[in-house]
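Asker: Quick one: the structure is below, questions incoming.
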Amino acid sequence: MLNRAQYPSDVIALVVLWRLRYRLTLRDLSEMFLLRGIVFSQEAVRNWEAKLAPSLADELRQQRRGKGGAGRRSWHVDETYLKVRGRWCYLYRAIDRNGDLVDTLLSEHRDMAAAKAFFRSAKSATGMVPDKVTTDGHGSYPRAIRSTLGKRVTHRTSAYMNNGLELDHQGIKGRIRCMRGFKSFTSADRFCRAYDELRNHLRPRTRHNQHVPANRRRMVHLRRAAAALAILAAG
């Protein structure tokens with residue numbers, strides 16, 4: 001995808017990684033690299049992200065398929081909102097009991113079809129069917145769970161038990177705040193999926209509220225960021 005690019009692949013990979021990971025605008029990135037003597041436009045950053053973000057998300061998604069212990073079989077599902085073309089859309093997100101990502105799906109509607117599509121995607125991403133699913137009280141979830149995950153899955157409705165997921169929404173909400181919305185549904189879906197996959201990949205904790213020493217956190221971040229850069233550079 002980058003055969004005709006005039007910049008080294010490791011530079012482009014770093015630009016895309018910073019674009020996804022940190023609260024930086026397109027102008028911020030072009031100015032940061034300008035100070036290092038590397039000149040590119042804001043449109044170049046957007047094009048690089050469009051080309052490389054899907055391959056990064058797919059690779060990280062494939063790596064976590066089928067992994068995890070008993071905590072992976074307890075899902076917490078909720079939706080948050082983001083603006084696309086001036087209209088509010090619904091971002092379906094789920095994490096497991098340990099706080100690890102299950103899946104992310106952007107939908108223009110909050111209905112039965114969207115709920116079914118999300119659970120099918122989540123089952124494909126994890127390679128497993130959960131034992132328990134905790135949601136809010138929206139009426140589309142019970143039938144969507146029965147039809148896509150099976151009747152043996154326990155469905156719980158509790159806003160209190162989804163507090164961890166509500167806090168987890170702050171990651172994507174904080175990241176897109178400086179972007180002032182998206183111009184297209186495709187770019188919004190691509191960015192949200194890649195952001196959540198990368199954020200989960202770089203997560204140093206293995207369970208909620210786990211204390212991770214600073215030296216351990218740095219070591220994990222360097223190793224996993226290097227692996228993400230290698231995926232991007234290979235694109």
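In the structure tokens, chains take letters A, B, ... by order of appearance, with residues numbered from 1 within each chain and ligands from 1 in the order shown.
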Can you build me a table of range 37-76 of chain A residues sitting at most 8 Å from range 120-128 of chain A, with the closest atom pair per residue and its distance in Å to one decimal, using only C-alpha atoms, sorted by chain and residue number, as CSV?
Answerer:
residue,atom,partner,partner_atom,distance
A:Arg61,CA,A:Ala125,CA,6.3
A:Gln62,CA,A:Ala125,CA,7.3
A:Arg64,CA,A:Thr126,CA,6.9
A:Arg65,CA,A:Thr126,CA,4.6
A:Gly66,CA,A:Gly127,CA,5.0
A:Lys67,CA,A:Thr126,CA,7.5
A:Arg73,CA,A:Met128,CA,7.8
Asker: Write down as number ranges by chain the residues of range 47-205 of chain A whose backbone DSSP state falls under alpha helix (DSSP H).
Answerer: A: 47-63, 112-126, 141-148, 163-177, 185-201
Asker: Taking 2 positions as the minimum chain separation for residues in the same chain, which residues sit within 12 Å of Asp189 in chain A when counting only C-alpha atoms? Answer as a PDB file with C-alpha atoms, in the first residue's frame.
Answerer:
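Once everything was written out, this is part15.pdb:
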ATOM      1  CA  ALA A  50      -7.064   5.264   5.642  1.00  0.00           C
ATOM      2  CA  ALA A  53      -5.431   1.604  10.065  1.00  0.00           C
ATOM      3  CA  PRO A  54      -7.628  -1.245   8.731  1.00  0.00           C
ATOM      4  CA  ALA A  57      -7.006  -3.364  13.337  1.00  0.00           C
ATOM      5  CA  LEU A  82     -20.459  10.260  18.331  1.00  0.00           C
ATOM      6  CA  LYS A  83     -21.223  12.734  15.595  1.00  0.00           C
ATOM      7  CA  VAL A  84     -20.838  11.846  11.904  1.00  0.00           C
ATOM      8  CA  CYS A  89     -24.500   7.738  15.525  1.00  0.00           C
ATOM      9  CA  TYR A  90     -24.266   4.836  17.959  1.00  0.00           C
ATOM     10  CA  LEU A  91     -20.964   3.196  18.795  1.00  0.00           C
ATOM     11  CA  TYR A  92     -21.589  -0.278  20.188  1.00  0.00           C
ATOM     12  CA  THR A 104     -16.508  -2.218  18.526  1.00  0.00           C
ATOM     13  CA  LEU A 105     -19.170  -1.496  15.926  1.00  0.00           C
ATOM     14  CA  LEU A 106     -20.497   1.837  14.647  1.00  0.00           C
ATOM     15  CA  SER A 107     -24.151   1.995  13.594  1.00  0.00           C
ATOM     16  CA  GLU A 108     -26.406   4.728  12.307  1.00  0.00           C
ATOM     17  CA  ILE A 172     -12.665   6.992  22.561  1.00  0.00           C
ATOM     18  CA  GLY A 181     -16.672  14.903  14.460  1.00  0.00           C
ATOM     19  CA  PHE A 182     -16.214  12.871  11.292  1.00  0.00           C
ATOM     20  CA  LYS A 183     -16.999  13.750   7.700  1.00  0.00           C
ATOM     21  CA  SER A 184     -18.037  10.236   6.652  1.00  0.00           C
ATOM     22  CA  PHE A 185     -19.423   7.111   8.264  1.00  0.00           C
ATOM     23  CA  THR A 186     -16.677   4.958   6.728  1.00  0.00           C
ATOM     24  CA  SER A 187     -13.851   7.034   8.198  1.00  0.00           C
ATOM     25  CA  PHE A 191     -10.928   5.133  13.111  1.00  0.00           C
ATOM     26  CA  CYS A 192     -12.984   3.899  16.079  1.00  0.00           C
ATOM     27  CA  ARG A 193     -12.207   0.260  15.372  1.00  0.00           C
ATOM     28  CA  ALA A 194      -8.477   0.877  14.905  1.00  0.00           C
ATOM     29  CA  TYR A 195      -8.292   3.122  17.973  1.00  0.00           C
ATOM     30  CA  ASP A 196      -9.964   0.578  20.246  1.00  0.00           C
TER      31      ASP A 196
END
Asker: Which polymer residues have any atom within 8 Å of an atom of Ser74 in chain A, counting only C-alpha atoms, with same-chain residues fewer than 6 positions away left out, as an MDAnalysis selection string?
Answerer: chainID A and resid 96:97 130:134
Asker: Could you pull the residues within 8 Å of range 214-229 of chain A, counting only C-alpha atoms, minus those fewer than 6 positions along the same chain, as a JSON list (two decimals) with N, CA, C and O atoms, in the first residue's frame?
Answerer:
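Generated output (out_27.json):
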[["chain", "number", "residue", "atom", "x", "y", "z"],
["A", 10, "ASP", "N", 8.89, 3.45, 8.08],
["A", 10, "ASP", "CA", 8.88, 3.58, 9.54],
["A", 10, "ASP", "C", 8.39, 4.95, 9.98],
["A", 10, "ASP", "O", 7.77, 5.09, 11.03],
["A", 13, "ALA", "N", 4.60, 4.80, 9.54],
["A", 13, "ALA", "CA", 4.03, 3.97, 10.60],
["A", 13, "ALA", "C", 3.94, 4.74, 11.91],
["A", 13, "ALA", "O", 2.94, 4.64, 12.64],
["A", 14, "LEU", "N", 4.97, 5.54, 12.22],
["A", 14, "LEU", "CA", 4.95, 6.32, 13.45],
["A", 14, "LEU", "C", 3.87, 7.39, 13.40],
["A", 14, "LEU", "O", 3.20, 7.65, 14.41],
["A", 17, "LEU", "N", 0.57, 5.62, 14.00],
["A", 17, "LEU", "CA", 0.48, 5.18, 15.40],
["A", 17, "LEU", "C", 0.14, 6.36, 16.30],
["A", 17, "LEU", "O", -0.75, 6.26, 17.16],
["A", 56, "LEU", "N", -3.91, -2.71, 10.52],
["A", 56, "LEU", "CA", -3.51, -2.81, 11.92],
["A", 56, "LEU", "C", -4.65, -3.39, 12.76],
["A", 56, "LEU", "O", -4.43, -4.30, 13.57],
["A", 198, "LEU", "N", -5.94, -0.76, 19.01],
["A", 198, "LEU", "CA", -4.60, -0.35, 19.43],
["A", 198, "LEU", "C", -4.58, -0.05, 20.93],
["A", 198, "LEU", "O", -3.63, -0.44, 21.63],
["A", 201, "HIS", "N", -4.46, -3.25, 22.71],
["A", 201, "HIS", "CA", -3.17, -3.90, 22.52],
["A", 201, "HIS", "C", -2.11, -3.32, 23.45],
["A", 201, "HIS", "O", -1.25, -4.05, 23.97],
["A", 202, "LEU", "N", -2.15, -2.00, 23.68],
["A", 202, "LEU", "CA", -1.16, -1.33, 24.52],
["A", 202, "LEU", "C", -1.52, -1.35, 26.00],
["A", 202, "LEU", "O", -0.74, -0.87, 26.82],
["A", 203, "ARG", "N", -2.65, -1.90, 26.34],
["A", 203, "ARG", "CA", -3.11, -1.90, 27.73],
["A", 203, "ARG", "C", -2.21, -2.78, 28.60],
["A", 203, "ARG", "O", -2.07, -3.98, 28.34],
["A", 204, "PRO", "N", -1.58, -2.23, 29.65],
["A", 204, "PRO", "CA", -0.65, -3.02, 30.46],
["A", 204, "PRO", "C", -1.34, -3.89, 31.50],
["A", 204, "PRO", "O", -0.75, -4.84, 32.00]]
Asker: Between A:Leu101, A:Arg199, A:Arg36, A:Ser140, which has the minimum distance to Arg175 in chain A (counting only C-alpha atoms)?
Answerer: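 The shortest atom-to-atom distance to Arg175 in chain A comes from A:Arg199.
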Asker: Please return as a JSON list (two decimals) with N, CA and C atoms, in the first residue's frame: the residues of range 59-144 of chain A that backbone DSSP assigns to strand (DSSP E or B).
Answerer:
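This went into states.json:
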[["chain", "number", "residue", "atom", "x", "y", "z"],
["A", 74, "SER", "N", -17.50, -13.28, 30.11],
["A", 74, "SER", "CA", -18.47, -12.37, 30.72],
["A", 74, "SER", "C", -18.36, -11.02, 30.02],
["A", 75, "TRP", "N", -19.36, -10.67, 29.22],
["A", 75, "TRP", "CA", -19.31, -9.45, 28.42],
["A", 75, "TRP", "C", -20.18, -8.36, 29.02],
["A", 76, "HIS", "N", -19.69, -7.11, 28.89],
["A", 76, "HIS", "CA", -20.44, -5.92, 29.27],
["A", 76, "HIS", "C", -20.62, -5.08, 28.01],
["A", 77, "VAL", "N", -21.86, -4.85, 27.63],
["A", 77, "VAL", "CA", -22.20, -4.23, 26.35],
["A", 77, "VAL", "C", -22.96, -2.93, 26.59],
["A", 78, "ASP", "N", -22.59, -1.90, 25.82],
["A", 78, "ASP", "CA", -23.28, -0.62, 25.93],
["A", 78, "ASP", "C", -23.01, 0.17, 24.65],
["A", 79, "GLU", "N", -23.74, 1.26, 24.48],
["A", 79, "GLU", "CA", -23.50, 2.14, 23.33],
["A", 79, "GLU", "C", -23.14, 3.54, 23.84],
["A", 80, "THR", "N", -22.32, 4.21, 23.06],
["A", 80, "THR", "CA", -22.05, 5.62, 23.29],
["A", 80, "THR", "C", -22.30, 6.35, 21.99],
["A", 81, "TYR", "N", -22.21, 7.66, 22.01],
["A", 81, "TYR", "CA", -22.60, 8.46, 20.87],
["A", 81, "TYR", "C", -21.39, 9.20, 20.29],
["A", 82, "LEU", "N", -21.42, 9.37, 18.98],
["A", 82, "LEU", "CA", -20.46, 10.26, 18.33],
["A", 82, "LEU", "C", -21.11, 10.85, 17.09],
["A", 83, "LYS", "N", -20.59, 11.99, 16.68],
["A", 83, "LYS", "CA", -21.22, 12.73, 15.59],
["A", 83, "LYS", "C", -20.52, 12.46, 14.26],
["A", 84, "VAL", "N", -21.33, 12.11, 13.26],
["A", 84, "VAL", "CA", -20.84, 11.85, 11.90],
["A", 84, "VAL", "C", -21.68, 12.66, 10.93],
["A", 87, "ARG", "N", -24.62, 14.35, 12.40],
["A", 87, "ARG", "CA", -25.69, 13.52, 12.96],
["A", 87, "ARG", "C", -25.10, 12.58, 14.01],
["A", 88, "TRP", "N", -25.89, 12.29, 15.04],
["A", 88, "TRP", "CA", -25.43, 11.39, 16.08],
["A", 88, "TRP", "C", -25.57, 9.94, 15.63],
["A", 89, "CYS", "N", -24.50, 9.18, 15.81],
["A", 89, "CYS", "CA", -24.50, 7.74, 15.52],
["A", 89, "CYS", "C", -24.19, 6.97, 16.81],
["A", 90, "TYR", "N", -24.40, 5.68, 16.77],
["A", 90, "TYR", "CA", -24.27, 4.84, 17.96],
["A", 90, "TYR", "C", -23.04, 3.94, 17.81],
["A", 91, "LEU", "N", -22.15, 4.04, 18.78],
["A", 91, "LEU", "CA", -20.96, 3.20, 18.80],
["A", 91, "LEU", "C", -21.17, 2.08, 19.82],
["A", 92, "TYR", "N", -21.44, 0.88, 19.31],
["A", 92, "TYR", "CA", -21.59, -0.28, 20.19],
["A", 92, "TYR", "C", -20.21, -0.75, 20.63],
["A", 93, "ARG", "N", -20.03, -0.93, 21.92],
["A", 93, "ARG", "CA", -18.75, -1.38, 22.45],
["A", 93, "ARG", "C", -18.99, -2.43, 23.54],
["A", 94, "ALA", "N", -18.04, -3.33, 23.69],
["A", 94, "ALA", "CA", -18.13, -4.35, 24.74],
["A", 94, "ALA", "C", -16.74, -4.66, 25.26],
["A", 95, "ILE", "N", -16.65, -4.84, 26.57],
["A", 95, "ILE", "CA", -15.43, -5.31, 27.21],
["A", 95, "ILE", "C", -15.77, -6.54, 28.04],
["A", 96, "ASP", "N", -14.77, -7.30, 28.42],
["A", 96, "ASP", "CA", -15.02, -8.47, 29.25],
["A", 96, "ASP", "C", -14.81, -8.12, 30.72],
["A", 101, "LEU", "N", -10.91, -5.53, 25.51],
["A", 101, "LEU", "CA", -11.87, -5.26, 24.45],
["A", 101, "LEU", "C", -12.47, -6.55, 23.91],
["A", 102, "VAL", "N", -13.78, -6.52, 23.71],
["A", 102, "VAL", "CA", -14.47, -7.60, 23.01],
["A", 102, "VAL", "C", -14.67, -7.20, 21.55],
["A", 103, "ASP", "N", -15.34, -6.07, 21.33],
["A", 103, "ASP", "CA", -15.52, -5.61, 19.95],
["A", 103, "ASP", "C", -16.07, -4.19, 19.95],
["A", 104, "THR", "N", -16.00, -3.56, 18.77],
["A", 104, "THR", "CA", -16.51, -2.22, 18.53],
["A", 104, "THR", "C", -17.25, -2.21, 17.20],
["A", 105, "LEU", "N", -18.40, -1.57, 17.17],
["A", 105, "LEU", "CA", -19.17, -1.50, 15.93],
["A", 105, "LEU", "C", -19.94, -0.18, 15.90],
["A", 106, "LEU", "N", -19.78, 0.58, 14.82],
["A", 106, "LEU", "CA", -20.50, 1.84, 14.65],
["A", 106, "LEU", "C", -21.76, 1.59, 13.84],
["A", 107, "SER", "N", -22.87, 2.17, 14.27],
["A", 107, "SER", "CA", -24.15, 2.00, 13.59],
["A", 107, "SER", "C", -24.87, 3.33, 13.53],
["A", 132, "LYS", "N", -22.20, -14.96, 30.03],
["A", 132, "LYS", "CA", -23.04, -13.89, 30.55],
["A", 132, "LYS", "C", -22.85, -12.65, 29.71],
["A", 133, "VAL", "N", -23.95, -11.92, 29.52],
["A", 133, "VAL", "CA", -23.90, -10.63, 28.84],
["A", 133, "VAL", "C", -24.68, -9.63, 29.68],
["A", 134, "THR", "N", -24.04, -8.54, 30.05],
["A", 134, "THR", "CA", -24.67, -7.49, 30.85],
["A", 134, "THR", "C", -24.91, -6.27, 29.98],
["A", 135, "THR", "N", -26.14, -5.80, 29.93],
["A", 135, "THR", "CA", -26.49, -4.64, 29.11],
["A", 135, "THR", "C", -27.35, -3.68, 29.92]]
